[in-house]
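The block underneath contains the structure these notes are about, expressed in structure tokens.
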Amino acid sequence: MNKTTENTIAQLKRNGFGVSFYVTAAEALDALLAQIPSTASIGFGGSMTVNDMRIYEAFKEKGNAVFWHWYTNPGESRKDILRSAATASVYFSGINAITEEGSLVNIDGTGNRLSGILYGHDKVFLVAGMNKIVRNYEEAILRIKNVACPPNARRLGRKTPCAETGKCMNCNSPDRICMATLILDRQPAGVPIEIILIDESLGY
Ligand code: SF4
């Protein structure tokens, strides 16, 4: 673990967040599978990191009730899955940026991920690779808008300036994907958050 990671973890803990550090995504997934019982219902917010780690598939295979609007089964509506995810006992999401000051920054288009991080569960797990660590809030916004949003907009087939040029132009496009920003400077009083920090580059 390098000095920046060490300091960031210390700062996150000082701000009240739980932090677990793993060298690989596979180790992190094994630890999560061992920690969360098969009786727990699990909701998911949109996250390429969570998707690439195949956390949804692993818990589905374990027998947990899993709810992610990225994966609808025949007969299930997206709206119903979003509601079930919002009230599941455990919630998973990624993090768009972690500051060395120990704050978490997420930007969302719909808002389900942001409300899911804040409310409705017994425990929230936020999974992130080292590529999400930035110095401060200003760098977090620059990172999200110019590193995370362009590939996300392309993945979603959105016609936004960032999708076309790779740079944010603070657009007013009807396809805009960044509508709401959630900054967590401290662990909120309600749901305990555990940050799963992995020594790899993961997601956007
Ligand atoms: S404001 Fe528009 S251009 Fe900027 S990141 Fe968001 S969607 Fe992309």
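Just remember, in the structure tokens the first chain shown is A, the second B, etc., residues are 1-based per chain, and ligands are 1-based in the order shown.
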
Quiz prompt | Surrounding residues of segment 114-131 of chain A excluding itself and chain neighbours under 4 positions, 8 Å, only C-alpha atoms, as a PyMOL selection string | solution = chain A and resi 5+45+49-50+85-95+106-108+181-182+188+190-203

For the selection just defined, write its residues with C-alpha atoms to a file, as a PDB file, in the first residue's frame.
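For reference, out_26.pdb as written:
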```pdb
ATOM      1  CA  THR A   5      -3.623   5.107  -0.029  1.00  0.00           C
ATOM      2  CA  GLY A  45     -26.866   0.813  -7.775  1.00  0.00           C
ATOM      3  CA  THR A  49     -16.847  -1.770 -10.790  1.00  0.00           C
ATOM      4  CA  VAL A  50     -19.580  -3.852  -9.137  1.00  0.00           C
ATOM      5  CA  ALA A  85     -33.379  -2.477  -4.347  1.00  0.00           C
ATOM      6  CA  ALA A  86     -34.270   0.671  -2.367  1.00  0.00           C
ATOM      7  CA  THR A  87     -35.532  -1.384   0.598  1.00  0.00           C
ATOM      8  CA  ALA A  88     -33.094  -4.339   0.488  1.00  0.00           C
ATOM      9  CA  SER A  89     -31.184  -5.010   3.714  1.00  0.00           C
ATOM     10  CA  VAL A  90     -27.811  -4.584   1.978  1.00  0.00           C
ATOM     11  CA  TYR A  91     -26.920  -2.130  -0.810  1.00  0.00           C
ATOM     12  CA  PHE A  92     -23.952  -2.120  -3.186  1.00  0.00           C
ATOM     13  CA  SER A  93     -22.684   0.770  -5.253  1.00  0.00           C
ATOM     14  CA  GLY A  94     -19.438   2.104  -6.671  1.00  0.00           C
ATOM     15  CA  ILE A  95     -17.859   5.474  -5.889  1.00  0.00           C
ATOM     16  CA  ASN A 106     -20.967  10.419  -6.568  1.00  0.00           C
ATOM     17  CA  ILE A 107     -22.884  11.879  -9.512  1.00  0.00           C
ATOM     18  CA  ASP A 108     -26.059  10.286 -10.815  1.00  0.00           C
ATOM     19  CA  THR A 181     -24.252  15.173  -6.892  1.00  0.00           C
ATOM     20  CA  LEU A 182     -23.873  13.512  -3.492  1.00  0.00           C
ATOM     21  CA  PRO A 188     -24.121   9.986   7.972  1.00  0.00           C
ATOM     22  CA  GLY A 190     -28.253   6.462   9.557  1.00  0.00           C
ATOM     23  CA  VAL A 191     -26.886   3.532   7.554  1.00  0.00           C
ATOM     24  CA  PRO A 192     -23.317   2.309   8.236  1.00  0.00           C
ATOM     25  CA  ILE A 193     -21.130   2.535   5.127  1.00  0.00           C
ATOM     26  CA  GLU A 194     -18.178   0.228   4.479  1.00  0.00           C
ATOM     27  CA  ILE A 195     -15.800   1.204   1.717  1.00  0.00           C
ATOM     28  CA  ILE A 196     -14.254  -1.774  -0.081  1.00  0.00           C
ATOM     29  CA  LEU A 197     -10.998  -0.375  -1.417  1.00  0.00           C
ATOM     30  CA  ILE A 198      -9.108  -2.550  -3.885  1.00  0.00           C
ATOM     31  CA  ASP A 199      -5.503  -2.132  -5.038  1.00  0.00           C
ATOM     32  CA  GLU A 200      -6.476  -2.317  -8.726  1.00  0.00           C
ATOM     33  CA  SER A 201      -7.842   0.060 -11.339  1.00  0.00           C
ATOM     34  CA  LEU A 202     -11.570  -0.683 -11.575  1.00  0.00           C
ATOM     35  CA  GLY A 203     -14.532   0.809 -13.428  1.00  0.00           C
TER      36      GLY A 203
END
```

Could I get the residue neighbourhood of ligand 1 at 6 Å, counting only C-alpha atoms and all ligand atoms, as a tab-separated table (two decimals) with C-alpha atoms, in the first residue's frame?
```tsv
chain	number	residue	atom	x	y	z
A	145	LYS	CA	-17.03	14.79	-15.60
A	149	CYS	CA	-18.90	10.48	-17.68
A	160	THR	CA	-23.69	14.42	-25.11
A	161	PRO	CA	-20.60	16.54	-25.75
A	162	CYS	CA	-18.55	14.35	-23.39
A	168	CYS	CA	-17.39	17.89	-20.27
A	169	MET	CA	-18.99	21.06	-21.64
A	170	ASN	CA	-21.56	21.44	-18.84
A	171	CYS	CA	-24.19	20.66	-21.42
A	176	ARG	CA	-27.26	14.70	-19.97
A	177	ILE	CA	-26.26	11.97	-17.46
A	178	CYS	CA	-25.07	14.05	-14.54
```

Exercise. Please return as an NGL selection string: the residues of segment 3-187 of chain A that backbone DSSP assigns to strand (DSSP E or B).
Key: :A and (18-22 or 42-44 or 66-67 or 90-94 or 97-99 or 104-108 or 123-129 or 133-134 or 180-184)

Quiz prompt | Between atom CA of Lys13 of chain A and atom CA of Lys132 of chain A, distance in Å (one decimal) | solution = 16.9 Å

Quiz prompt | alpha helix (DSSP H) positions in chain A, given as a count of residues only | solution = 71

Practice problem: Write out as JSON, numbers by chain each polymer residue whose atoms come within 12 Å of Leu33 of chain A, counting only C-alpha atoms; drop sequence neighbours fewer than 2 positions from it. | Solution: {"A": [26, 27, 28, 29, 30, 31, 35, 36, 37, 38, 39, 40, 42, 54, 55, 56, 57, 58, 59, 60, 61, 62, 63, 64]}

Self-check item: Minimum-distance residue to Ile9 of chain A, chosen among A:Asp52, A:Ile144, A:Glu100, A:Gly157 (using only C-alpha atoms)
Solution: A:Glu100

Exercise. Could you give me, as a PyMOL selection string, the residues within 9 Å of Leu82 of chain A, counting only C-alpha atoms and dropping anything in the same chain fewer than 2 positions from it?
Key: chain A and resi 43-45+67-69+77-80+84-87+112

N, CA and C atoms of the current selection, written as a PDB file, in the first residue's frame:
```pdb
ATOM      1  N   GLY A  43     -29.663  -4.969  -2.775  1.00  0.00           N
ATOM      2  CA  GLY A  43     -29.948  -4.048  -3.867  1.00  0.00           C
ATOM      3  C   GLY A  43     -28.657  -3.519  -4.460  1.00  0.00           C
ATOM      4  N   PHE A  44     -28.707  -3.130  -5.715  1.00  0.00           N
ATOM      5  CA  PHE A  44     -27.504  -2.650  -6.407  1.00  0.00           C
ATOM      6  C   PHE A  44     -27.780  -1.318  -7.103  1.00  0.00           C
ATOM      7  N   GLY A  45     -26.845  -0.400  -6.973  1.00  0.00           N
ATOM      8  CA  GLY A  45     -26.866   0.813  -7.775  1.00  0.00           C
ATOM      9  C   GLY A  45     -25.939   0.628  -8.965  1.00  0.00           C
ATOM     10  N   PHE A  67     -31.462  -7.525  -6.359  1.00  0.00           N
ATOM     11  CA  PHE A  67     -32.282  -6.590  -7.139  1.00  0.00           C
ATOM     12  C   PHE A  67     -31.385  -5.543  -7.791  1.00  0.00           C
ATOM     13  N   TRP A  68     -31.273  -5.637  -9.102  1.00  0.00           N
ATOM     14  CA  TRP A  68     -30.475  -4.652  -9.845  1.00  0.00           C
ATOM     15  C   TRP A  68     -31.212  -4.345 -11.160  1.00  0.00           C
ATOM     16  N   HIS A  69     -31.501  -3.085 -11.382  1.00  0.00           N
ATOM     17  CA  HIS A  69     -32.277  -2.691 -12.571  1.00  0.00           C
ATOM     18  C   HIS A  69     -31.499  -2.928 -13.870  1.00  0.00           C
ATOM     19  N   SER A  77     -40.634  -5.540 -13.782  1.00  0.00           N
ATOM     20  CA  SER A  77     -40.485  -4.199 -14.345  1.00  0.00           C
ATOM     21  C   SER A  77     -39.288  -3.518 -13.685  1.00  0.00           C
ATOM     22  N   ARG A  78     -38.684  -2.612 -14.419  1.00  0.00           N
ATOM     23  CA  ARG A  78     -37.516  -1.867 -13.911  1.00  0.00           C
ATOM     24  C   ARG A  78     -37.906  -1.094 -12.646  1.00  0.00           C
ATOM     25  N   LYS A  79     -39.143  -0.549 -12.672  1.00  0.00           N
ATOM     26  CA  LYS A  79     -39.621   0.240 -11.543  1.00  0.00           C
ATOM     27  C   LYS A  79     -39.718  -0.620 -10.276  1.00  0.00           C
ATOM     28  N   ASP A  80     -40.255  -1.822 -10.427  1.00  0.00           N
ATOM     29  CA  ASP A  80     -40.389  -2.722  -9.266  1.00  0.00           C
ATOM     30  C   ASP A  80     -39.011  -3.101  -8.719  1.00  0.00           C
ATOM     31  N   SER A  84     -37.538  -2.521  -4.982  1.00  0.00           N
ATOM     32  CA  SER A  84     -37.014  -3.613  -4.135  1.00  0.00           C
ATOM     33  C   SER A  84     -35.570  -3.335  -3.732  1.00  0.00           C
ATOM     34  N   ALA A  85     -34.778  -2.807  -4.666  1.00  0.00           N
ATOM     35  CA  ALA A  85     -33.379  -2.477  -4.347  1.00  0.00           C
ATOM     36  C   ALA A  85     -33.323  -1.398  -3.270  1.00  0.00           C
ATOM     37  N   ALA A  86     -34.272  -0.461  -3.314  1.00  0.00           N
ATOM     38  CA  ALA A  86     -34.270   0.671  -2.367  1.00  0.00           C
ATOM     39  C   ALA A  86     -34.547   0.229  -0.940  1.00  0.00           C
ATOM     40  N   THR A  87     -35.192  -0.933  -0.762  1.00  0.00           N
ATOM     41  CA  THR A  87     -35.532  -1.384   0.598  1.00  0.00           C
ATOM     42  C   THR A  87     -34.808  -2.686   0.985  1.00  0.00           C
ATOM     43  N   ASN A 112     -31.415   7.117  -8.002  1.00  0.00           N
ATOM     44  CA  ASN A 112     -31.634   5.914  -7.184  1.00  0.00           C
ATOM     45  C   ASN A 112     -30.365   5.498  -6.440  1.00  0.00           C
TER      46      ASN A 112
END
```

Exercise. Check the smallest atom-to-atom distance from each of A:Asn2, A:Asn7, A:Ser20, A:Ser47 to Asn96 of chain A using only C-alpha atoms, then report the winner.
Key: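 Closest to Asn96 of chain A of all the choices is A:Ser47.
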
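The shell of residues at most 9 Å from Pro151 of chain A, with only C-alpha atoms counted and near chain neighbours (fewer than 6 positions) removed, consists of Cys162, Ala163, Gly166 and Tyr204 of chain A.
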
Okay, now the selection with N, CA and C atoms, as a compact mmCIF listing (two decimals), in the first residue's frame?
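again_36.txt written:
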```txt
# COMPACT_ATOMS: atom_id res chain seq x y z
N CYS A 162 -19.62 15.19 -23.96
CA CYS A 162 -18.55 14.35 -23.39
C CYS A 162 -18.44 13.01 -24.13
N ALA A 163 -19.57 12.49 -24.59
CA ALA A 163 -19.53 11.21 -25.33
C ALA A 163 -18.79 11.41 -26.65
N GLY A 166 -15.00 13.54 -25.30
CA GLY A 166 -14.24 13.10 -24.13
C GLY A 166 -14.08 14.18 -23.08
N TYR A 204 -14.92 3.06 -14.27
CA TYR A 204 -14.55 4.30 -14.97
C TYR A 204 -14.08 5.34 -13.98
```

Quiz item: Between atom CA of Ser103 of chain A and atom CA of Ile183 of chain A, what is the distance, to one decimal in Å?
Solution: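 So the answer is 6.9 Å.
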
Quiz item: At what distance in Å, to one decimal, does atom CA of Asn51 of chain A lie from atom CA of Thr24 of chain A?
Solution: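 If I compute the distance from atom CA of Thr24 of chain A to atom CA of Asn51 of chain A, I get 15.2 Å.
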